[in-house]
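One structure is given below, encoded as structure tokens.
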Amino acid sequence: MAMREKKWKKNENHEVTEIIYDNISVTSGSTGIESSHGEFLSKFDLEVLESLHSSYNRPSELLKISFPALLSLGLCPFTLYLYEPFTTFLWSKDDYDTPPDINDAIACFLAPAGLVYATSFGFAFQQALTKQRDILEKLTTEISMIDQIATFSSKLKLVNGNIRREIYNAVKCEAVFMVLQILNREQTSYQYKPTEDVKVKIWSIVDLLREVDASDNNIVNKTMCDKIMSHIIKLNSICSDRIGILHTKIHPVKWAFLETLGFFSFIGILLLRALSYRLELTMCIITVFSISMLCYVVSDLDSPFSGFFRVDLSILGVVVQRLETMYYEERTMTEGTIITVSTIVNDNELSSKKANNISAFGPLYLTPEAS
């Protein structure tokens, strides 16, 4: 996925860095009058998000997906090479001038062999499809809960606005942790190191909620806190369930079984006598390509984040962008510094807006008086 980075200075103390993907932009700004909390997205966060967008359809992943289909295609010339010695072994030239017509026997063989072949591939297809649906359901549920925690937090009545920003930061860390699980990578594998443990950062919200007035006299805060706690507990459960199915693959022994069944079916088709070379060749070609296509589709579904049939993760970037917006809006309320999340524009629009002293990408800083 395409990525580019732009930097420019809006004034003496302010620099904006914009990371732009195909349809998602993530902004990181720096200024001489920052708050003690720091910027919302760290260098580690930006590197993780960038690695997510560059992880789709890598050559190694596509090769793994295509390997079963390529293997079934490779068995075709191998089987054709063995056809002559195989028929000679069954019907020696001393006893038979030409191989006999065994179409009826082949039909009796292909009926159960085809049934086993179709049933086995049907189970494999259903297993891969169910796995992808489960992953999509769990990711959607987890993203929805993350978004709801942020929304509930925005409605809490707090004395200190820094508490709300800390909650947003913890929710952001949970989203980053989701990306790490999807990519199956550790925090230490990145160039930039995190300043906090994103795996357990979401639980810091529990300590922050202790400072919220959740008494019976403040029923809204109490309800919101209950919902937030409930979602955090569910997130932990969903995370544990998702790890079990996220990177599981169809076992190589099962792939060998499916390839062998396809190989036997192809041998049966190859031994058929249709009294027409073109018809026999057409049947063999159709059989080989149907086996290869089935292998590719099952293998593609078995890889939920690569290939044609993959889980769409673009919503993760949208959620992070929304958290960034909410974070800077809260910062505006407490510090009088307005920061807006970026939108994607082309270079002409950027030049025009810079000429008018307006940033095309965020953040946009104003003085308290201007806000």
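Chain labels A, B, ... are given in the sequence in which chains occur in the structure tokens; within each chain residues are numbered consecutively from 1, and ligands are likewise numbered from 1 in the order shown.
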
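Residues in contact with Ile286 (chain A) at up to 12 Å, not including ones fewer than 5 positions away on its chain and judged by only C-alpha atoms, are Leu73, Cys76, Ser265, Phe266, Ile269, Leu270, Leu279, Glu280, Leu281, Ile291, Ser292 and Met293 of chain A.
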
Write out as a PDB file with all heavy atoms, in the first residue's frame which residues come within 8 Å of region 298-306 of chain A when counting only C-alpha atoms, dropping same-chain ones fewer than 5 positions away.
ATOM      1  N   TYR A  56       0.153  -6.263   3.550  1.00  0.00           N
ATOM      2  CA  TYR A  56      -0.784  -6.926   2.649  1.00  0.00           C
ATOM      3  C   TYR A  56      -0.056  -7.475   1.425  1.00  0.00           C
ATOM      4  O   TYR A  56       0.766  -6.791   0.805  1.00  0.00           O
ATOM      5  CB  TYR A  56      -1.870  -5.954   2.181  1.00  0.00           C
ATOM      6  CG  TYR A  56      -2.743  -5.433   3.284  1.00  0.00           C
ATOM      7  CD1 TYR A  56      -2.881  -4.067   3.499  1.00  0.00           C
ATOM      8  CD2 TYR A  56      -3.436  -6.290   4.119  1.00  0.00           C
ATOM      9  CE1 TYR A  56      -3.684  -3.569   4.516  1.00  0.00           C
ATOM     10  CE2 TYR A  56      -4.245  -5.809   5.137  1.00  0.00           C
ATOM     11  CZ  TYR A  56      -4.362  -4.455   5.321  1.00  0.00           C
ATOM     12  OH  TYR A  56      -5.153  -3.976   6.332  1.00  0.00           O
ATOM     13  N   ASN A  57      -0.373  -8.723   1.088  1.00  0.00           N
ATOM     14  CA  ASN A  57       0.066  -9.321  -0.182  1.00  0.00           C
ATOM     15  C   ASN A  57       1.566  -9.188  -0.409  1.00  0.00           C
ATOM     16  O   ASN A  57       2.023  -8.815  -1.490  1.00  0.00           O
ATOM     17  CB  ASN A  57      -0.698  -8.688  -1.356  1.00  0.00           C
ATOM     18  CG  ASN A  57      -2.165  -9.045  -1.354  1.00  0.00           C
ATOM     19  OD1 ASN A  57      -2.564 -10.051  -0.763  1.00  0.00           O
ATOM     20  ND2 ASN A  57      -2.977  -8.238  -1.990  1.00  0.00           N
ATOM     21  N   ARG A  58       2.325  -9.523   0.619  1.00  0.00           N
ATOM     22  CA  ARG A  58       3.766  -9.599   0.423  1.00  0.00           C
ATOM     23  C   ARG A  58       4.091 -10.817  -0.439  1.00  0.00           C
ATOM     24  O   ARG A  58       3.371 -11.818  -0.427  1.00  0.00           O
ATOM     25  CB  ARG A  58       4.474  -9.698   1.775  1.00  0.00           C
ATOM     26  CG  ARG A  58       4.419  -8.410   2.597  1.00  0.00           C
ATOM     27  CD  ARG A  58       5.078  -8.600   3.937  1.00  0.00           C
ATOM     28  NE  ARG A  58       4.360  -9.576   4.740  1.00  0.00           N
ATOM     29  CZ  ARG A  58       4.714  -9.912   5.983  1.00  0.00           C
ATOM     30  NH1 ARG A  58       5.773  -9.354   6.528  1.00  0.00           N
ATOM     31  NH2 ARG A  58       4.003 -10.801   6.658  1.00  0.00           N
ATOM     32  N   GLU A  61       3.979 -14.184   1.301  1.00  0.00           N
ATOM     33  CA  GLU A  61       2.632 -14.642   1.641  1.00  0.00           C
ATOM     34  C   GLU A  61       1.890 -15.143   0.408  1.00  0.00           C
ATOM     35  O   GLU A  61       1.190 -16.164   0.452  1.00  0.00           O
ATOM     36  CB  GLU A  61       1.849 -13.509   2.304  1.00  0.00           C
ATOM     37  CG  GLU A  61       2.348 -13.121   3.680  1.00  0.00           C
ATOM     38  CD  GLU A  61       2.171 -14.250   4.686  1.00  0.00           C
ATOM     39  OE1 GLU A  61       1.199 -15.016   4.551  1.00  0.00           O
ATOM     40  OE2 GLU A  61       3.012 -14.356   5.592  1.00  0.00           O
ATOM     41  N   LEU A  62       2.018 -14.429  -0.705  1.00  0.00           N
ATOM     42  CA  LEU A  62       1.357 -14.861  -1.935  1.00  0.00           C
ATOM     43  C   LEU A  62       1.912 -16.189  -2.426  1.00  0.00           C
ATOM     44  O   LEU A  62       1.174 -17.017  -2.977  1.00  0.00           O
ATOM     45  CB  LEU A  62       1.523 -13.784  -3.012  1.00  0.00           C
ATOM     46  CG  LEU A  62       0.809 -12.452  -2.753  1.00  0.00           C
ATOM     47  CD1 LEU A  62       1.093 -11.468  -3.873  1.00  0.00           C
ATOM     48  CD2 LEU A  62      -0.695 -12.666  -2.603  1.00  0.00           C
ATOM     49  N   ILE A  65       0.339 -18.892  -0.387  1.00  0.00           N
ATOM     50  CA  ILE A  65      -1.051 -19.117  -0.805  1.00  0.00           C
ATOM     51  C   ILE A  65      -1.103 -19.917  -2.104  1.00  0.00           C
ATOM     52  O   ILE A  65      -1.938 -20.809  -2.277  1.00  0.00           O
ATOM     53  CB  ILE A  65      -1.774 -17.767  -0.968  1.00  0.00           C
ATOM     54  CG1 ILE A  65      -1.940 -17.080   0.393  1.00  0.00           C
ATOM     55  CG2 ILE A  65      -3.135 -17.948  -1.624  1.00  0.00           C
ATOM     56  CD1 ILE A  65      -2.522 -15.687   0.305  1.00  0.00           C
ATOM     57  N   SER A  66      -0.202 -19.616  -3.019  1.00  0.00           N
ATOM     58  CA  SER A  66      -0.232 -20.236  -4.343  1.00  0.00           C
ATOM     59  C   SER A  66       0.417 -21.617  -4.377  1.00  0.00           C
ATOM     60  O   SER A  66       0.233 -22.342  -5.363  1.00  0.00           O
ATOM     61  CB  SER A  66       0.473 -19.334  -5.365  1.00  0.00           C
ATOM     62  OG  SER A  66      -0.095 -18.049  -5.385  1.00  0.00           O
ATOM     63  N   PRO A  68      -0.083 -24.649  -2.889  1.00  0.00           N
ATOM     64  CA  PRO A  68      -0.907 -25.837  -3.161  1.00  0.00           C
ATOM     65  C   PRO A  68      -1.413 -25.900  -4.597  1.00  0.00           C
ATOM     66  O   PRO A  68      -1.433 -26.984  -5.207  1.00  0.00           O
ATOM     67  CB  PRO A  68      -2.069 -25.700  -2.164  1.00  0.00           C
ATOM     68  CG  PRO A  68      -1.533 -24.858  -1.071  1.00  0.00           C
ATOM     69  CD  PRO A  68      -0.618 -23.879  -1.741  1.00  0.00           C
ATOM     70  N   ALA A 124     -12.771 -28.702   3.950  1.00  0.00           N
ATOM     71  CA  ALA A 124     -11.636 -27.769   4.035  1.00  0.00           C
ATOM     72  C   ALA A 124     -12.083 -26.348   3.702  1.00  0.00           C
ATOM     73  O   ALA A 124     -11.666 -25.375   4.361  1.00  0.00           O
ATOM     74  CB  ALA A 124     -10.523 -28.210   3.082  1.00  0.00           C
ATOM     75  N   PHE A 125     -12.929 -26.209   2.689  1.00  0.00           N
ATOM     76  CA  PHE A 125     -13.443 -24.898   2.313  1.00  0.00           C
ATOM     77  C   PHE A 125     -14.275 -24.294   3.444  1.00  0.00           C
ATOM     78  O   PHE A 125     -14.128 -23.115   3.782  1.00  0.00           O
ATOM     79  CB  PHE A 125     -14.278 -25.024   1.047  1.00  0.00           C
ATOM     80  CG  PHE A 125     -14.916 -23.735   0.593  1.00  0.00           C
ATOM     81  CD1 PHE A 125     -14.211 -22.838  -0.186  1.00  0.00           C
ATOM     82  CD2 PHE A 125     -16.219 -23.421   0.949  1.00  0.00           C
ATOM     83  CE1 PHE A 125     -14.786 -21.646  -0.602  1.00  0.00           C
ATOM     84  CE2 PHE A 125     -16.802 -22.235   0.547  1.00  0.00           C
ATOM     85  CZ  PHE A 125     -16.082 -21.351  -0.235  1.00  0.00           C
ATOM     86  N   ALA A 128     -11.970 -23.132   6.335  1.00  0.00           N
ATOM     87  CA  ALA A 128     -11.266 -21.875   6.051  1.00  0.00           C
ATOM     88  C   ALA A 128     -12.232 -20.688   6.056  1.00  0.00           C
ATOM     89  O   ALA A 128     -11.907 -19.608   6.577  1.00  0.00           O
ATOM     90  CB  ALA A 128     -10.548 -21.977   4.708  1.00  0.00           C
ATOM     91  N   LEU A 129     -13.428 -20.882   5.491  1.00  0.00           N
ATOM     92  CA  LEU A 129     -14.405 -19.794   5.452  1.00  0.00           C
ATOM     93  C   LEU A 129     -14.901 -19.451   6.850  1.00  0.00           C
ATOM     94  O   LEU A 129     -15.050 -18.267   7.196  1.00  0.00           O
ATOM     95  CB  LEU A 129     -15.575 -20.199   4.546  1.00  0.00           C
ATOM     96  CG  LEU A 129     -16.647 -19.130   4.295  1.00  0.00           C
ATOM     97  CD1 LEU A 129     -16.036 -17.922   3.600  1.00  0.00           C
ATOM     98  CD2 LEU A 129     -17.790 -19.701   3.462  1.00  0.00           C
ATOM     99  N   LYS A 131     -13.275 -19.895   9.628  1.00  0.00           N
ATOM    100  CA  LYS A 131     -12.168 -19.233  10.324  1.00  0.00           C
ATOM    101  C   LYS A 131     -12.115 -17.746   9.980  1.00  0.00           C
ATOM    102  O   LYS A 131     -11.984 -16.893  10.864  1.00  0.00           O
ATOM    103  CB  LYS A 131     -10.857 -19.912   9.945  1.00  0.00           C
ATOM    104  CG  LYS A 131      -9.615 -19.140  10.361  1.00  0.00           C
ATOM    105  CD  LYS A 131      -8.377 -19.738   9.728  1.00  0.00           C
ATOM    106  CE  LYS A 131      -7.183 -18.826   9.895  1.00  0.00           C
ATOM    107  NZ  LYS A 131      -5.970 -19.366   9.246  1.00  0.00           N
ATOM    108  N   GLN A 132     -12.258 -17.425   8.694  1.00  0.00           N
ATOM    109  CA  GLN A 132     -12.211 -16.019   8.293  1.00  0.00           C
ATOM    110  C   GLN A 132     -13.397 -15.243   8.854  1.00  0.00           C
ATOM    111  O   GLN A 132     -13.249 -14.096   9.288  1.00  0.00           O
ATOM    112  CB  GLN A 132     -12.176 -15.908   6.774  1.00  0.00           C
ATOM    113  CG  GLN A 132     -11.898 -14.501   6.277  1.00  0.00           C
ATOM    114  CD  GLN A 132     -11.615 -14.449   4.792  1.00  0.00           C
ATOM    115  OE1 GLN A 132     -12.459 -13.990   4.024  1.00  0.00           O
ATOM    116  NE2 GLN A 132     -10.453 -14.912   4.377  1.00  0.00           N
ATOM    117  N   ILE A 135     -12.755 -14.605  12.592  1.00  0.00           N
ATOM    118  CA  ILE A 135     -11.775 -13.536  12.790  1.00  0.00           C
ATOM    119  C   ILE A 135     -12.409 -12.179  12.522  1.00  0.00           C
ATOM    120  O   ILE A 135     -12.208 -11.216  13.277  1.00  0.00           O
ATOM    121  CB  ILE A 135     -10.549 -13.758  11.879  1.00  0.00           C
ATOM    122  CG1 ILE A 135      -9.769 -14.988  12.343  1.00  0.00           C
ATOM    123  CG2 ILE A 135      -9.652 -12.530  11.865  1.00  0.00           C
ATOM    124  CD1 ILE A 135      -8.602 -15.344  11.455  1.00  0.00           C
ATOM    125  N   LYS A 249      -3.307 -22.486  10.652  1.00  0.00           N
ATOM    126  CA  LYS A 249      -3.388 -22.820   9.233  1.00  0.00           C
ATOM    127  C   LYS A 249      -3.833 -24.275   9.070  1.00  0.00           C
ATOM    128  O   LYS A 249      -3.764 -25.082  10.000  1.00  0.00           O
ATOM    129  CB  LYS A 249      -2.018 -22.632   8.562  1.00  0.00           C
ATOM    130  CG  LYS A 249      -1.470 -21.219   8.641  1.00  0.00           C
ATOM    131  CD  LYS A 249      -2.179 -20.288   7.696  1.00  0.00           C
ATOM    132  CE  LYS A 249      -1.525 -18.920   7.679  1.00  0.00           C
ATOM    133  NZ  LYS A 249      -2.204 -17.986   6.757  1.00  0.00           N
ATOM    134  N   ILE A 250      -4.287 -24.600   7.878  1.00  0.00           N
ATOM    135  CA  ILE A 250      -4.589 -25.993   7.561  1.00  0.00           C
ATOM    136  C   ILE A 250      -3.303 -26.801   7.638  1.00  0.00           C
ATOM    137  O   ILE A 250      -2.274 -26.414   7.072  1.00  0.00           O
ATOM    138  CB  ILE A 250      -5.223 -26.104   6.163  1.00  0.00           C
ATOM    139  CG1 ILE A 250      -6.589 -25.404   6.145  1.00  0.00           C
ATOM    140  CG2 ILE A 250      -5.382 -27.563   5.757  1.00  0.00           C
ATOM    141  CD1 ILE A 250      -7.274 -25.429   4.799  1.00  0.00           C
ATOM    142  N   VAL A 311      -9.594 -10.105   5.198  1.00  0.00           N
ATOM    143  CA  VAL A 311     -10.338  -9.267   6.135  1.00  0.00           C
ATOM    144  C   VAL A 311      -9.887  -7.820   5.965  1.00  0.00           C
ATOM    145  O   VAL A 311      -8.684  -7.529   5.948  1.00  0.00           O
ATOM    146  CB  VAL A 311     -10.108  -9.737   7.581  1.00  0.00           C
ATOM    147  CG1 VAL A 311     -10.826  -8.821   8.560  1.00  0.00           C
ATOM    148  CG2 VAL A 311     -10.574 -11.180   7.756  1.00  0.00           C
ATOM    149  N   ASP A 312     -10.851  -6.924   5.826  1.00  0.00           N
ATOM    150  CA  ASP A 312     -10.546  -5.505   5.657  1.00  0.00           C
ATOM    151  C   ASP A 312     -10.225  -4.888   7.012  1.00  0.00           C
ATOM    152  O   ASP A 312     -11.045  -4.889   7.922  1.00  0.00           O
ATOM    153  CB  ASP A 312     -11.741  -4.796   5.011  1.00  0.00           C
ATOM    154  CG  ASP A 312     -11.442  -3.330   4.701  1.00  0.00           C
ATOM    155  OD1 ASP A 312     -10.251  -2.960   4.727  1.00  0.00           O
ATOM    156  OD2 ASP A 312     -12.386  -2.573   4.441  1.00  0.00           O
TER     157      ASP A 312
END

Checklist entry - Taking the backbone alone, and naming residues the way the document does, which bits of region 62-186 of chain A are alpha helix (DSSP H) by DSSP, as JSON, numbers by chain? => result {"A": [62, 63, 64, 65, 66, 67, 68, 69, 70, 71, 72, 73, 74, 75, 76, 77, 78, 79, 80, 81, 82, 83, 84, 85, 86, 87, 88, 89, 90, 103, 104, 105, 106, 107, 108, 109, 110, 111, 112, 113, 114, 115, 116, 117, 118, 119, 120, 121, 122, 123, 124, 125, 126, 127, 128, 129, 130, 131, 132, 133, 134, 135, 136, 137, 138, 139, 140, 141, 142, 143, 144, 145, 146, 147, 148, 149, 150, 151, 152, 153, 154, 161, 162, 163, 164, 165, 166, 167, 168, 169, 170, 171, 172, 173, 174, 175, 176, 177, 178, 179, 180, 181, 182, 183]}

Would you save the residues from that selection as an mmCIF file, in the first residue's frame, using C-alpha atoms?
data_model
loop_
_atom_site.group_PDB
_atom_site.id
_atom_site.type_symbol
_atom_site.label_atom_id
_atom_site.label_comp_id
_atom_site.auth_asym_id
_atom_site.auth_seq_id
_atom_site.Cartn_x
_atom_site.Cartn_y
_atom_site.Cartn_z
ATOM 1 C CA LEU A 62 1.357 -14.861 -1.935
ATOM 2 C CA LEU A 63 3.815 -17.681 -2.632
ATOM 3 C CA LYS A 64 2.530 -19.607 0.386
ATOM 4 C CA ILE A 65 -1.051 -19.117 -0.805
ATOM 5 C CA SER A 66 -0.232 -20.236 -4.343
ATOM 6 C CA PHE A 67 1.929 -23.224 -3.385
ATOM 7 C CA PRO A 68 -0.907 -25.837 -3.161
ATOM 8 C CA ALA A 69 -2.287 -24.735 -6.535
ATOM 9 C CA LEU A 70 1.179 -24.728 -8.125
ATOM 10 C CA LEU A 71 1.824 -28.180 -6.682
ATOM 11 C CA SER A 72 -1.364 -29.578 -8.233
ATOM 12 C CA LEU A 73 -0.394 -28.007 -11.563
ATOM 13 C CA GLY A 74 3.067 -29.550 -11.267
ATOM 14 C CA LEU A 75 1.541 -32.993 -10.756
ATOM 15 C CA CYS A 76 -0.046 -32.794 -14.206
ATOM 16 C CA PRO A 77 3.132 -33.169 -16.340
ATOM 17 C CA PHE A 78 4.480 -35.660 -13.782
ATOM 18 C CA THR A 79 1.376 -37.821 -14.218
ATOM 19 C CA LEU A 80 1.535 -37.543 -18.000
ATOM 20 C CA TYR A 81 5.173 -38.634 -17.850
ATOM 21 C CA LEU A 82 4.183 -41.723 -15.834
ATOM 22 C CA TYR A 83 1.200 -42.569 -18.082
ATOM 23 C CA GLU A 84 3.131 -44.680 -20.566
ATOM 24 C CA PRO A 85 5.060 -46.843 -18.083
ATOM 25 C CA PHE A 86 1.920 -47.137 -15.924
ATOM 26 C CA THR A 87 -0.269 -48.468 -18.742
ATOM 27 C CA THR A 88 2.562 -50.722 -19.941
ATOM 28 C CA PHE A 89 2.848 -52.191 -16.460
ATOM 29 C CA LEU A 90 -0.907 -52.854 -16.290
ATOM 30 C CA ASN A 103 -14.464 -46.984 -19.077
ATOM 31 C CA ASP A 104 -17.000 -48.901 -16.973
ATOM 32 C CA ALA A 105 -14.356 -49.821 -14.409
ATOM 33 C CA ILE A 106 -13.048 -46.256 -14.323
ATOM 34 C CA ALA A 107 -16.592 -44.976 -13.781
ATOM 35 C CA CYS A 108 -16.934 -47.297 -10.768
ATOM 36 C CA PHE A 109 -13.631 -45.932 -9.448
ATOM 37 C CA LEU A 110 -14.382 -42.250 -10.070
ATOM 38 C CA ALA A 111 -17.789 -42.336 -8.356
ATOM 39 C CA PRO A 112 -16.516 -43.015 -4.782
ATOM 40 C CA ALA A 113 -13.188 -41.255 -5.400
ATOM 41 C CA GLY A 114 -14.979 -38.128 -6.618
ATOM 42 C CA LEU A 115 -17.364 -38.251 -3.671
ATOM 43 C CA VAL A 116 -14.505 -38.440 -1.162
ATOM 44 C CA TYR A 117 -12.626 -35.727 -3.067
ATOM 45 C CA ALA A 118 -15.612 -33.360 -3.140
ATOM 46 C CA THR A 119 -16.515 -34.003 0.514
ATOM 47 C CA SER A 120 -12.955 -33.466 1.731
ATOM 48 C CA PHE A 121 -12.528 -30.229 -0.185
ATOM 49 C CA GLY A 122 -15.961 -29.120 0.999
ATOM 50 C CA PHE A 123 -14.932 -29.576 4.630
ATOM 51 C CA ALA A 124 -11.636 -27.769 4.035
ATOM 52 C CA PHE A 125 -13.443 -24.898 2.313
ATOM 53 C CA GLN A 126 -15.972 -24.610 5.144
ATOM 54 C CA GLN A 127 -13.207 -24.688 7.749
ATOM 55 C CA ALA A 128 -11.266 -21.875 6.051
ATOM 56 C CA LEU A 129 -14.405 -19.794 5.452
ATOM 57 C CA THR A 130 -15.597 -20.231 9.045
ATOM 58 C CA LYS A 131 -12.168 -19.233 10.324
ATOM 59 C CA GLN A 132 -12.211 -16.019 8.293
ATOM 60 C CA ARG A 133 -15.751 -15.202 9.432
ATOM 61 C CA ASP A 134 -14.815 -15.793 13.080
ATOM 62 C CA ILE A 135 -11.775 -13.536 12.790
ATOM 63 C CA LEU A 136 -13.851 -10.832 11.110
ATOM 64 C CA GLU A 137 -16.548 -11.091 13.787
ATOM 65 C CA LYS A 138 -14.068 -10.912 16.663
ATOM 66 C CA LEU A 139 -12.124 -8.022 15.122
ATOM 67 C CA THR A 140 -15.327 -6.120 14.424
ATOM 68 C CA THR A 141 -16.548 -6.688 17.976
ATOM 69 C CA GLU A 142 -13.216 -5.651 19.473
ATOM 70 C CA ILE A 143 -12.956 -2.511 17.345
ATOM 71 C CA SER A 144 -16.538 -1.637 18.220
ATOM 72 C CA MET A 145 -15.795 -1.978 21.939
ATOM 73 C CA ILE A 146 -12.659 0.138 21.632
ATOM 74 C CA ASP A 147 -14.666 2.842 19.910
ATOM 75 C CA GLN A 148 -17.418 2.614 22.512
ATOM 76 C CA ILE A 149 -14.945 2.938 25.401
ATOM 77 C CA ALA A 150 -13.632 6.151 23.843
ATOM 78 C CA THR A 151 -17.177 7.437 23.285
ATOM 79 C CA PHE A 152 -18.274 6.630 26.844
ATOM 80 C CA SER A 153 -15.139 8.312 28.184
ATOM 81 C CA SER A 154 -15.928 11.467 26.245
ATOM 82 C CA GLY A 161 -9.278 16.668 31.535
ATOM 83 C CA ASN A 162 -5.927 14.868 31.625
ATOM 84 C CA ILE A 163 -7.752 11.774 32.866
ATOM 85 C CA ARG A 164 -9.804 11.634 29.681
ATOM 86 C CA ARG A 165 -6.685 12.019 27.561
ATOM 87 C CA GLU A 166 -5.008 9.207 29.475
ATOM 88 C CA ILE A 167 -8.030 7.010 28.719
ATOM 89 C CA TYR A 168 -7.797 7.868 25.019
ATOM 90 C CA ASN A 169 -4.117 7.007 25.090
ATOM 91 C CA ALA A 170 -4.833 3.626 26.734
ATOM 92 C CA VAL A 171 -7.502 2.859 24.140
ATOM 93 C CA LYS A 172 -5.042 3.773 21.383
ATOM 94 C CA CYS A 173 -2.499 1.366 22.868
ATOM 95 C CA GLU A 174 -5.108 -1.405 22.706
ATOM 96 C CA ALA A 175 -5.610 -0.677 18.998
ATOM 97 C CA VAL A 176 -1.846 -0.822 18.462
ATOM 98 C CA PHE A 177 -1.744 -4.127 20.352
ATOM 99 C CA MET A 178 -4.407 -5.476 18.000
ATOM 100 C CA VAL A 179 -2.151 -4.627 15.057
ATOM 101 C CA LEU A 180 0.778 -6.419 16.718
ATOM 102 C CA GLN A 181 -1.354 -9.530 17.146
ATOM 103 C CA ILE A 182 -2.567 -9.402 13.556
ATOM 104 C CA LEU A 183 1.019 -9.097 12.292
#

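In this model, the gap between CA of Leu156 (chain A) and CA of Arg322 (chain A) comes to 17.6 Å.
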
Checklist entry - Using only C-alpha atoms, which residues sit within 8 Å of Ile232 (chain A) once same-chain residues fewer than 3 positions away are excluded, as a ChimeraX atom specification? => result /A:202-203,228-229,235-236

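Computed from the coordinates, the CA of Thr98 (chain A) to CA of Val288 (chain A) distance equals 25.8 Å.
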
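Distance annotation: of A:Leu158, A:Cys284, A:Val319, A:Val253, the residue with the minimal separation from Asn221 (chain A) is A:Leu158; atom set is only C-alpha atoms.
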